[in-house]
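Data first, discussion second: the structure below is written as structure tokens.
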Amino acid sequence: MLEAGELPPVLFIQNKILSNLKVYAAIQLPLSAVFVALHPAYYFVALAILAVGVLYLVYGILLKYALYVPQADLRGNAIIMGIALFLLPILLVMIPVYYFKAVNNLNTYLNDFH
């Protein structure tokens with residue numbers, strides 16, 4: 001599946017992030033709109049939840065491909081994701097770090113599609 005799109009690593013990661021953000025937005029935006037309609041004074045809560053969700057989703061995708069090895073058990077990623085949930089400011093630092101690691105790691109598997 002990794003090679004199915006025949007995309008270079010940067011485009012592959014961008015495609016994954018955008019497609020997952022579209023699904024997240026399709027689910028989360030109606031819920032946030034209802035929340036803001038019912039509780040307009042707390043609109044910032046809905047915005048914060050959207051922002052944290054986007055950061056966490058992007059972080060999860062980048063973590064997956066930064067540590068990707070074919071046929072590997074990725075249960076360790078769940079532990080890292082759980083820890084990151086409690087250390088949200090770290091996401092702002094780790095997202096760029098894992099982005100470059102993911103691109104470098106995927107170069108090995110997608111090197112034919114440059």
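Residues are referred to by chain and number: the chain letter is A, B, ... according to the order shown in the structure tokens, the number counts from 1 in that chain, and ligands are numbered separately from 1 in the order shown.
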
Among chain A, which ones does DSSP place in alpha helix (DSSP H), written as an mmCIF file with C-alpha atoms, in the first residue's frame?
data_model
loop_
_atom_site.group_PDB
_atom_site.id
_atom_site.type_symbol
_atom_site.label_atom_id
_atom_site.label_comp_id
_atom_site.auth_asym_id
_atom_site.auth_seq_id
_atom_site.Cartn_x
_atom_site.Cartn_y
_atom_site.Cartn_z
ATOM 1 C CA PRO A 9 7.996 10.820 0.166
ATOM 2 C CA VAL A 10 7.098 14.504 0.608
ATOM 3 C CA LEU A 11 3.963 14.216 -1.531
ATOM 4 C CA PHE A 12 3.038 10.899 0.063
ATOM 5 C CA ILE A 13 3.131 12.433 3.561
ATOM 6 C CA GLN A 14 1.252 15.544 2.432
ATOM 7 C CA ASN A 15 -1.405 13.361 0.799
ATOM 8 C CA LYS A 16 -1.799 11.256 3.953
ATOM 9 C CA ILE A 17 -2.080 14.312 6.188
ATOM 10 C CA LEU A 18 -4.572 16.103 3.936
ATOM 11 C CA SER A 19 -6.798 13.066 3.448
ATOM 12 C CA ASN A 20 -6.896 12.394 7.191
ATOM 13 C CA LEU A 21 -7.568 16.055 7.993
ATOM 14 C CA LYS A 22 -10.517 16.033 5.576
ATOM 15 C CA VAL A 23 -12.057 13.088 7.396
ATOM 16 C CA TYR A 24 -11.344 14.702 10.774
ATOM 17 C CA ALA A 25 -12.925 17.970 9.633
ATOM 18 C CA ALA A 26 -15.977 16.183 8.245
ATOM 19 C CA ILE A 27 -16.567 14.580 11.625
ATOM 20 C CA GLN A 28 -15.435 17.330 13.987
ATOM 21 C CA LEU A 29 -16.731 20.525 12.355
ATOM 22 C CA PRO A 30 -20.445 19.679 12.628
ATOM 23 C CA LEU A 31 -19.972 18.703 16.273
ATOM 24 C CA SER A 32 -18.061 21.907 16.966
ATOM 25 C CA ALA A 33 -20.720 23.970 15.194
ATOM 26 C CA VAL A 34 -23.461 22.464 17.356
ATOM 27 C CA PHE A 35 -21.386 23.055 20.480
ATOM 28 C CA VAL A 36 -20.768 26.707 19.552
ATOM 29 C CA ALA A 37 -24.458 27.174 18.667
ATOM 30 C CA LEU A 38 -25.499 25.846 22.079
ATOM 31 C CA TYR A 43 -16.324 29.016 21.363
ATOM 32 C CA PHE A 44 -12.657 28.942 22.403
ATOM 33 C CA VAL A 45 -13.144 25.427 23.791
ATOM 34 C CA ALA A 46 -14.249 24.185 20.374
ATOM 35 C CA LEU A 47 -11.296 25.938 18.728
ATOM 36 C CA ALA A 48 -8.867 24.440 21.238
ATOM 37 C CA ILE A 49 -10.248 20.948 20.692
ATOM 38 C CA LEU A 50 -9.979 21.370 16.918
ATOM 39 C CA ALA A 51 -6.395 22.633 17.189
ATOM 40 C CA VAL A 52 -5.279 19.864 19.534
ATOM 41 C CA GLY A 53 -6.983 17.266 17.354
ATOM 42 C CA VAL A 54 -5.228 18.512 14.234
ATOM 43 C CA LEU A 55 -1.841 18.570 15.971
ATOM 44 C CA TYR A 56 -2.352 15.110 17.420
ATOM 45 C CA LEU A 57 -3.488 13.676 14.071
ATOM 46 C CA VAL A 58 -0.515 15.129 12.191
ATOM 47 C CA TYR A 59 1.837 13.945 14.933
ATOM 48 C CA GLY A 60 0.431 10.411 14.737
ATOM 49 C CA ILE A 61 0.856 10.205 10.975
ATOM 50 C CA LEU A 62 4.403 11.533 11.097
ATOM 51 C CA LEU A 63 5.312 9.228 13.980
ATOM 52 C CA LYS A 64 4.007 6.231 12.043
ATOM 53 C CA TYR A 65 6.128 6.932 8.986
ATOM 54 C CA ALA A 66 9.186 8.140 10.892
ATOM 55 C CA ARG A 75 2.490 -1.037 19.389
ATOM 56 C CA GLY A 76 5.290 1.135 20.758
ATOM 57 C CA ASN A 77 3.826 4.054 18.817
ATOM 58 C CA ALA A 78 0.685 3.868 20.954
ATOM 59 C CA ILE A 79 2.777 4.442 24.056
ATOM 60 C CA ILE A 80 4.478 7.444 22.473
ATOM 61 C CA MET A 81 1.096 8.827 21.374
ATOM 62 C CA GLY A 82 -0.288 8.383 24.883
ATOM 63 C CA ILE A 83 2.613 10.245 26.426
ATOM 64 C CA ALA A 84 2.286 13.022 23.834
ATOM 65 C CA LEU A 85 -1.345 13.514 24.838
ATOM 66 C CA PHE A 86 -0.185 14.708 28.258
ATOM 67 C CA LEU A 88 0.905 18.829 24.210
ATOM 68 C CA PRO A 89 3.516 21.622 23.865
ATOM 69 C CA ILE A 90 6.047 18.953 22.894
ATOM 70 C CA LEU A 91 3.973 18.285 19.765
ATOM 71 C CA LEU A 92 5.022 21.652 18.361
ATOM 72 C CA VAL A 93 8.648 20.577 18.567
ATOM 73 C CA MET A 94 8.209 16.951 17.604
ATOM 74 C CA ILE A 95 6.088 17.489 14.482
ATOM 75 C CA PRO A 96 8.943 19.081 12.477
ATOM 76 C CA VAL A 97 11.432 16.534 13.854
ATOM 77 C CA TYR A 98 9.266 13.579 12.859
ATOM 78 C CA TYR A 99 8.450 15.168 9.510
ATOM 79 C CA PHE A 100 12.103 15.125 8.468
ATOM 80 C CA LYS A 101 12.606 11.645 9.937
ATOM 81 C CA ALA A 102 9.559 10.377 8.049
ATOM 82 C CA VAL A 103 10.762 11.824 4.746
ATOM 83 C CA ASN A 104 14.227 10.315 5.246
ATOM 84 C CA ASN A 105 12.777 6.954 6.279
ATOM 85 C CA LEU A 106 10.354 6.826 3.352
ATOM 86 C CA ASN A 107 13.147 7.663 0.889
ATOM 87 C CA THR A 108 14.316 4.095 1.410
ATOM 88 C CA TYR A 109 10.973 2.634 0.377
#
